[in-house]
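S.K.: My questions all concern the structure below.
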Amino acid sequence: MLEGLLVDLVPYGERFKKLEHRWHNGEGWFWASAGDRMILTRSMIERHQQEQAEWHERHGSHGVWFGIQTKDGTPIGDMAVNWMVPHARLAMLGAGIGEPEYWGGGYGTDALLLMIDYCFDWLDLRKLWLGTMAKNARVMRQMEKVGFTLESRVREEWYTDGEWVDGLLYGLLRTEWPGREAKVEELGLRERAANRKAGA
Ligand SMILES: CC(C)(COP(=O)(O)OP(=O)(O)OC[C@H]1O[C@@H](n2cnc3c(N)ncnc32)[C@H](O)[C@@H]1OP(=O)(O)O)[C@@H](O)C(=O)NCCC(=O)NCCS
C-alpha cells in the first residue's frame with residue numbers, strides 16, 4: 001500500500017472490480033478512453049480484463065494495477081502501469097477516477113505522485129509516459145503541474161462527440177523527477193488537503 005495525503009494506492013482487487021461496471025459506463029470512461037461512449041456489460045468488462053491479462057502474457061510485458069481509495073477507505077478509481085518494457089525501463093501509465101465528484105480536487109495528482117515514486121524508486125524505471133486527448137483539460141493541467149513534457153501531438157487521432165481531436169503524449173524522465181516530497185511541497189498538497197473537498 002502506498003500512502004498519500006488524500007488517497008492511498010492499494011492492491012487492485014474485488015472491491016474495485018465490482019465498481020468497474022458503473023465506472024466504465026459513466027463519464028469517467030469517456031475521458032479515460034479518449035472519447036468512447038460504449039455501453040458495456042459486466043461480461044464485456046470481464047472479458048476485456050481477461051484479454052488484457054492474456055495479451056500481457058503473450059507479449060511478455062507487465063502491468064501493475066492499483067486501486068485508488070480515499071483516506072477513509074472509499075474506492076474511487078484505478079491507477080496502473082498499463083504497459084512496461086523492462087529492457088528499456090519504460091512504462092505507460094493510466095489513471096481513472098470513476099467517481100466524478102472527486103475530479104479536480106487533487107486526488108488524482110496525489111495518486112500520480114505516489115505512482116511516479118513507485119515506478120522510479122521501486123521498479124527502477126527511467127521513463128514514464130502517458131497519452132490523452134487534447135480536450136482532457138484535467139490531465140493536461142495535471143501533466144503540466146507534475147512536470148511531464150508534452151513530447152508529441154498526433155493530429156486528429158480521436159473522434160469524440162462529433163469532432164476530431166488531437167492526441168497528446170507526455171513523458172517524464174527519471175532525471176527530471178525531484179522526488180515526491182519535493183513535489184508535494186511545490187504544489188502545496190498539504191494545504192489543499194485541508195482546504196479542498198471532493199467536487200470543490
Ligand atoms: C485525470 C484524473 C485522474 C486527474 O485527477 P484529478 O484529481 O481530477 O486531478 P487534480 O485535481 O489533481 O488536477 C486537475 C487539475 O485540472 C484543473 N481542472 C479541472 N477542471 C478543469 C477544466 N475544465 N479546465 C481546466 N482545468 C481544469 C484542476 O483545477 C486541477 O488543477 P489545479 O490543481 O491547478 O487547480 C481525473 O480527473 C480522472 O480520472 N478523470 C476522468 C478519467 C480520465 O480522464 N483519465 C485519464 C486519461 S489519460
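To be explicit about the labels: the chains of the C-alpha cells are called A, B, and onward in the order shown, and within each one the residues are counted from 1, while ligands get numbers from 1 in the order they are shown.
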Which residues are near Val7 in chain A? Cut-off 7 Å, only C-alpha atoms, ignore same chain within fewer than 2 positions. Put them as a list in words.
M.R.: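 Neighbouring residues, sequence-local ones excluded: Glu3, Gly4, Leu5, Leu9, Ile68, Gln69, Thr70, Lys71, Tyr107, Asp110 and Ala111 of chain A.
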S.K.: Any chance you can output those residues with N, CA and C atoms as a PDB file, in the first residue's frame?
M.R.:
```
ATOM      1  N   GLU A   3       0.968   5.179   0.680  1.00  0.00           N
ATOM      2  CA  GLU A   3       0.155   6.137   1.432  1.00  0.00           C
ATOM      3  C   GLU A   3       0.382   7.572   0.998  1.00  0.00           C
ATOM      4  N   GLY A   4      -0.682   8.218   0.522  1.00  0.00           N
ATOM      5  CA  GLY A   4      -0.598   9.616   0.122  1.00  0.00           C
ATOM      6  C   GLY A   4      -1.255  10.519   1.142  1.00  0.00           C
ATOM      7  N   LEU A   5      -1.546  11.736   0.704  1.00  0.00           N
ATOM      8  CA  LEU A   5      -2.150  12.712   1.615  1.00  0.00           C
ATOM      9  C   LEU A   5      -3.670  12.707   1.528  1.00  0.00           C
ATOM     10  N   LEU A   9      -2.838   4.208  -2.533  1.00  0.00           N
ATOM     11  CA  LEU A   9      -2.885   3.232  -3.629  1.00  0.00           C
ATOM     12  C   LEU A   9      -2.790   1.860  -2.981  1.00  0.00           C
ATOM     13  N   ILE A  68      -7.401   3.122  -6.280  1.00  0.00           N
ATOM     14  CA  ILE A  68      -7.230   4.394  -5.551  1.00  0.00           C
ATOM     15  C   ILE A  68      -8.358   4.483  -4.529  1.00  0.00           C
ATOM     16  N   GLN A  69      -7.999   4.674  -3.279  1.00  0.00           N
ATOM     17  CA  GLN A  69      -9.046   4.863  -2.274  1.00  0.00           C
ATOM     18  C   GLN A  69      -8.745   6.100  -1.434  1.00  0.00           C
ATOM     19  N   THR A  70      -9.805   6.753  -0.973  1.00  0.00           N
ATOM     20  CA  THR A  70      -9.622   7.929  -0.127  1.00  0.00           C
ATOM     21  C   THR A  70      -9.114   7.468   1.237  1.00  0.00           C
ATOM     22  N   LYS A  71      -8.738   8.424   2.064  1.00  0.00           N
ATOM     23  CA  LYS A  71      -8.142   8.064   3.352  1.00  0.00           C
ATOM     24  C   LYS A  71      -9.137   7.346   4.261  1.00  0.00           C
ATOM     25  N   TYR A 107      -7.035  14.716  -5.906  1.00  0.00           N
ATOM     26  CA  TYR A 107      -6.924  13.280  -5.593  1.00  0.00           C
ATOM     27  C   TYR A 107      -6.068  12.545  -6.632  1.00  0.00           C
ATOM     28  N   ASP A 110      -2.369  13.465  -6.265  1.00  0.00           N
ATOM     29  CA  ASP A 110      -1.792  12.778  -5.105  1.00  0.00           C
ATOM     30  C   ASP A 110      -1.454  11.330  -5.483  1.00  0.00           C
ATOM     31  N   ALA A 111      -2.399  10.685  -6.183  1.00  0.00           N
ATOM     32  CA  ALA A 111      -2.173   9.289  -6.614  1.00  0.00           C
ATOM     33  C   ALA A 111      -1.019   9.205  -7.608  1.00  0.00           C
TER      34      ALA A 111
END
```
S.K.: Go through chain A and flag each residue having an atom no more than 6 Å from ligand 1; for those, report the closest pair of atoms plus their distance in Å to one decimal, using only C-alpha atoms and all ligand atoms, ordered by chain and rising number, as CSV.
M.R.:
```
residue,atom,partner,partner_atom_place_in_ligand_line,distance
A:Gly28,CA,ligand 1,41 (C),4.2
A:Trp31,CA,ligand 1,44 (O),4.2
A:Ala32,CA,ligand 1,47 (C),3.7
A:Gly94,CA,ligand 1,48 (S),6.0
A:Ala95,CA,ligand 1,46 (C),5.0
A:Gly96,CA,ligand 1,39 (O),3.6
A:Ile97,CA,ligand 1,39 (O),3.5
A:Trp103,CA,ligand 1,8 (O),3.5
A:Gly104,CA,ligand 1,11 (O),3.1
A:Gly105,CA,ligand 1,11 (O),4.0
A:Gly106,CA,ligand 1,12 (O),3.2
A:Tyr107,CA,ligand 1,7 (O),3.9
A:Gly108,CA,ligand 1,5 (O),3.2
A:Thr109,CA,ligand 1,12 (O),3.8
A:Gly131,CA,ligand 1,48 (S),5.6
A:Thr132,CA,ligand 1,48 (S),4.4
A:Ala137,CA,ligand 1,25 (C),4.6
A:Arg138,CA,ligand 1,16 (O),3.6
A:Val139,CA,ligand 1,1 (C),4.7
A:Arg141,CA,ligand 1,16 (O),4.8
A:Gln142,CA,ligand 1,13 (O),4.8
```
S.K.: Pick out the residues sitting within 12 Å of Ser33 in chain A, and hand them over as a list in words; count only C-alpha atoms, and ignore anything fewer than 2 positions along from it in its own chain.
M.R.: Trp23, His24, Asn25, Gly26, Glu27, Gly28, Trp29, Phe30, Trp31, Gly35, Asp36, Arg37, Met38, Gly94, Ala95, Gly96, Gly131, Thr132, Met133, Asn136, Trp158, Tyr159, Thr160 and Gly167 of chain A
S.K.: Looking only at the backbone, which of the residues in range 102-185 of chain A does DSSP tag as alpha helix (DSSP H), as a list in words?
M.R.: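 Secondary structure check on range 102-185 of chain A, alpha helix (DSSP H): Tyr107, Gly108, Thr109, Asp110, Ala111, Leu112, Leu113, Leu114, Met115, Ile116, Asp117, Ala137, Arg138, Val139, Met140, Arg141, Gln142, Met143, Glu144, Lys145, Val146, Arg180, Glu181, Ala182, Lys183, Val184 and Glu185 of chain A.
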S.K.: Once you have the residues from the selection above, write them out as a PDB file, in the first residue's frame, restricted to C-alpha atoms.
M.R.:
```
ATOM      1  CA  TYR A 107      -6.924  13.280  -5.593  1.00  0.00           C
ATOM      2  CA  GLY A 108      -5.583  12.201  -8.987  1.00  0.00           C
ATOM      3  CA  THR A 109      -2.398  14.189  -8.571  1.00  0.00           C
ATOM      4  CA  ASP A 110      -1.792  12.778  -5.105  1.00  0.00           C
ATOM      5  CA  ALA A 111      -2.173   9.289  -6.614  1.00  0.00           C
ATOM      6  CA  LEU A 112       0.090  10.120  -9.551  1.00  0.00           C
ATOM      7  CA  LEU A 113       2.898  11.374  -7.311  1.00  0.00           C
ATOM      8  CA  LEU A 114       2.795   8.092  -5.391  1.00  0.00           C
ATOM      9  CA  MET A 115       2.849   6.138  -8.637  1.00  0.00           C
ATOM     10  CA  ILE A 116       5.787   8.053 -10.088  1.00  0.00           C
ATOM     11  CA  ASP A 117       7.893   7.485  -6.977  1.00  0.00           C
ATOM     12  CA  ALA A 137      -8.112  19.690 -19.591  1.00  0.00           C
ATOM     13  CA  ARG A 138      -7.710  17.966 -16.230  1.00  0.00           C
ATOM     14  CA  VAL A 139      -4.996  15.627 -17.489  1.00  0.00           C
ATOM     15  CA  MET A 140      -3.260  18.404 -19.424  1.00  0.00           C
ATOM     16  CA  ARG A 141      -3.151  20.589 -16.325  1.00  0.00           C
ATOM     17  CA  GLN A 142      -2.069  17.639 -14.203  1.00  0.00           C
ATOM     18  CA  MET A 143       0.815  16.819 -16.562  1.00  0.00           C
ATOM     19  CA  GLU A 144       1.964  20.413 -16.508  1.00  0.00           C
ATOM     20  CA  LYS A 145       1.956  20.741 -12.733  1.00  0.00           C
ATOM     21  CA  VAL A 146       3.591  17.362 -12.096  1.00  0.00           C
ATOM     22  CA  ARG A 180       7.517  13.044  -4.321  1.00  0.00           C
ATOM     23  CA  GLU A 181       8.274  15.059  -1.204  1.00  0.00           C
ATOM     24  CA  ALA A 182       9.664  17.948  -3.213  1.00  0.00           C
ATOM     25  CA  LYS A 183       6.597  17.907  -5.499  1.00  0.00           C
ATOM     26  CA  VAL A 184       4.191  17.778  -2.561  1.00  0.00           C
ATOM     27  CA  GLU A 185       5.950  20.828  -1.165  1.00  0.00           C
TER      28      GLU A 185
END
```
S.K.: Counting only C-alpha atoms, figure out which residue out of A:Gly171, A:His87, A:Val154, A:Gly77 gets nearest to Leu128 in chain A.
M.R.: A:Gly171
S.K.: Considering only strand (DSSP E) as DSSP defines it on the backbone, what residues of range 2-145 of chain A qualify? List them as a ChimeraX atom specification.
M.R.: /A:2-3,7-11,62-70,75-85,90-97,127-133
S.K.: Take the residues just selected and output them with N, CA and C atoms as a short mmCIF file (atom, residue, chain, number, x, y, z; two decimals), in the first residue's frame.
M.R.:
```cif
data_model
loop_
_atom_site.label_atom_id
_atom_site.label_comp_id
_atom_site.auth_asym_id
_atom_site.auth_seq_id
_atom_site.Cartn_x
_atom_site.Cartn_y
_atom_site.Cartn_z
N LEU A 2 0.54 2.20 -0.86
CA LEU A 2 1.31 3.44 -0.94
C LEU A 2 0.45 4.55 -0.34
N GLU A 3 0.97 5.18 0.68
CA GLU A 3 0.15 6.14 1.43
C GLU A 3 0.38 7.57 1.00
N VAL A 7 -5.22 10.27 -0.77
CA VAL A 7 -5.58 8.90 -1.18
C VAL A 7 -4.45 7.94 -0.83
N ASP A 8 -4.81 6.66 -0.87
CA ASP A 8 -3.81 5.59 -0.80
C ASP A 8 -3.95 4.75 -2.07
N LEU A 9 -2.84 4.21 -2.53
CA LEU A 9 -2.89 3.23 -3.63
C LEU A 9 -2.79 1.86 -2.98
N VAL A 10 -3.78 1.02 -3.28
CA VAL A 10 -3.86 -0.30 -2.64
C VAL A 10 -3.94 -1.36 -3.73
N PRO A 11 -3.63 -2.62 -3.39
CA PRO A 11 -3.70 -3.66 -4.42
C PRO A 11 -5.09 -3.68 -5.05
N HIS A 62 4.41 -6.44 -18.87
CA HIS A 62 3.97 -6.47 -17.48
C HIS A 62 3.11 -5.26 -17.18
N GLY A 63 2.16 -5.45 -16.32
CA GLY A 63 1.37 -4.31 -15.85
C GLY A 63 1.29 -4.37 -14.33
N VAL A 64 1.04 -3.24 -13.70
CA VAL A 64 0.85 -3.20 -12.25
C VAL A 64 -0.39 -2.37 -11.99
N TRP A 65 -1.36 -2.97 -11.32
CA TRP A 65 -2.63 -2.27 -11.08
C TRP A 65 -2.80 -1.95 -9.61
N PHE A 66 -3.21 -0.71 -9.36
CA PHE A 66 -3.58 -0.30 -8.00
C PHE A 66 -5.01 0.21 -8.01
N GLY A 67 -5.67 0.08 -6.88
CA GLY A 67 -6.93 0.78 -6.68
C GLY A 67 -6.60 2.09 -5.97
N ILE A 68 -7.40 3.12 -6.28
CA ILE A 68 -7.23 4.39 -5.55
C ILE A 68 -8.36 4.48 -4.53
N GLN A 69 -8.00 4.67 -3.28
CA GLN A 69 -9.05 4.86 -2.27
C GLN A 69 -8.74 6.10 -1.43
N THR A 70 -9.81 6.75 -0.97
CA THR A 70 -9.62 7.93 -0.13
C THR A 70 -9.11 7.47 1.24
N PRO A 75 -13.33 3.41 -2.25
CA PRO A 75 -12.69 3.20 -3.56
C PRO A 75 -13.21 4.21 -4.57
N ILE A 76 -12.31 4.92 -5.24
CA ILE A 76 -12.77 5.95 -6.20
C ILE A 76 -12.23 5.74 -7.61
N GLY A 77 -11.27 4.84 -7.80
CA GLY A 77 -10.76 4.65 -9.15
C GLY A 77 -9.54 3.74 -9.19
N ASP A 78 -8.87 3.75 -10.33
CA ASP A 78 -7.70 2.88 -10.53
C ASP A 78 -6.52 3.69 -11.04
N MET A 79 -5.36 3.16 -10.78
CA MET A 79 -4.15 3.75 -11.36
C MET A 79 -3.24 2.59 -11.73
N ALA A 80 -2.64 2.67 -12.92
CA ALA A 80 -1.89 1.49 -13.37
C ALA A 80 -0.66 1.84 -14.18
N VAL A 81 0.30 0.93 -14.08
CA VAL A 81 1.34 0.84 -15.10
C VAL A 81 0.69 -0.09 -16.11
N ASN A 82 0.19 0.46 -17.19
CA ASN A 82 -0.57 -0.35 -18.14
C ASN A 82 0.31 -1.24 -18.98
N TRP A 83 1.50 -0.79 -19.19
CA TRP A 83 2.35 -1.46 -20.16
C TRP A 83 3.79 -1.11 -19.82
N MET A 84 4.62 -2.13 -19.65
CA MET A 84 6.00 -1.87 -19.22
C MET A 84 6.96 -2.64 -20.12
N VAL A 85 8.04 -1.99 -20.49
CA VAL A 85 9.06 -2.65 -21.32
C VAL A 85 10.33 -2.73 -20.48
N LEU A 90 10.90 1.34 -19.45
CA LEU A 90 9.91 2.31 -19.92
C LEU A 90 8.52 1.82 -19.52
N ALA A 91 7.65 2.74 -19.14
CA ALA A 91 6.29 2.31 -18.81
C ALA A 91 5.26 3.37 -19.19
N MET A 92 4.09 2.88 -19.57
CA MET A 92 2.96 3.76 -19.85
C MET A 92 2.00 3.73 -18.66
N LEU A 93 1.64 4.89 -18.19
CA LEU A 93 0.73 4.97 -17.05
C LEU A 93 -0.70 5.22 -17.50
N GLY A 94 -1.63 4.84 -16.67
CA GLY A 94 -3.04 5.13 -16.94
C GLY A 94 -3.74 5.39 -15.61
N ALA A 95 -4.73 6.26 -15.65
CA ALA A 95 -5.45 6.56 -14.40
C ALA A 95 -6.90 6.87 -14.69
N GLY A 96 -7.74 6.51 -13.79
CA GLY A 96 -9.14 6.87 -13.94
C GLY A 96 -9.79 6.94 -12.57
N ILE A 97 -10.31 8.12 -12.25
CA ILE A 97 -11.15 8.23 -11.06
C ILE A 97 -12.57 8.06 -11.57
N LYS A 127 11.85 5.96 -17.65
CA LYS A 127 10.95 6.88 -18.34
C LYS A 127 9.49 6.43 -18.20
N LEU A 128 8.63 7.41 -17.97
CA LEU A 128 7.18 7.16 -17.90
C LEU A 128 6.51 8.00 -18.97
N TRP A 129 5.45 7.46 -19.54
CA TRP A 129 4.70 8.27 -20.49
C TRP A 129 3.21 8.02 -20.34
N LEU A 130 2.46 8.90 -20.95
CA LEU A 130 1.00 8.85 -20.81
C LEU A 130 0.37 9.57 -21.99
N GLY A 131 -0.72 9.02 -22.49
CA GLY A 131 -1.40 9.66 -23.62
C GLY A 131 -2.79 10.10 -23.24
N THR A 132 -3.23 11.17 -23.86
CA THR A 132 -4.60 11.64 -23.62
C THR A 132 -5.10 12.38 -24.86
N MET A 133 -6.33 12.84 -24.83
CA MET A 133 -6.82 13.62 -25.97
C MET A 133 -6.75 15.11 -25.61
#
```
S.K.: Could you give me, as a ChimeraX atom specification, the residues within 8 Å of Leu150 in chain A, counting only C-alpha atoms and dropping anything in the same chain fewer than 6 positions from it?
M.R.: /A:168-171
S.K.: Next, the residues of the selection above should be written as a compact mmCIF listing (two decimals), in the first residue's frame with N, CA and C atoms.
M.R.:
```
# COMPACT_ATOMS: atom_id res chain seq x y z
N LEU A 168 -2.35 13.62 -27.43
CA LEU A 168 -1.14 14.21 -26.83
C LEU A 168 -0.38 13.13 -26.08
N LEU A 169 0.95 13.11 -26.24
CA LEU A 169 1.78 12.17 -25.49
C LEU A 169 2.72 12.97 -24.60
N TYR A 170 2.72 12.60 -23.33
CA TYR A 170 3.56 13.27 -22.35
C TYR A 170 4.59 12.29 -21.80
N GLY A 171 5.79 12.79 -21.50
CA GLY A 171 6.83 11.93 -20.94
C GLY A 171 7.54 12.58 -19.76
```
S.K.: Given the choices A:Met1, A:Leu123, A:Ile45, A:Ile39, which gets closest to Glu20 in chain A if the distance is worked out from only C-alpha atoms?
M.R.: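 For Glu20 in chain A, the nearest of the given residues is A:Ile45.
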S.K.: Can you work out which one of A:Ala53, A:Leu172, A:Cys119, A:Leu19 has the shortest atom-to-atom distance to Phe148 in chain A, counting only C-alpha atoms?
M.R.: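 Ranking A:Ala53, A:Leu172, A:Cys119, A:Leu19 by distance to Phe148 in chain A, first place goes to A:Leu172.
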S.K.: Quick one, how far is CA of Gly98 in chain A from CA of Lys18 in chain A?
M.R.: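 Interatomic distance here is 12.0 Å.
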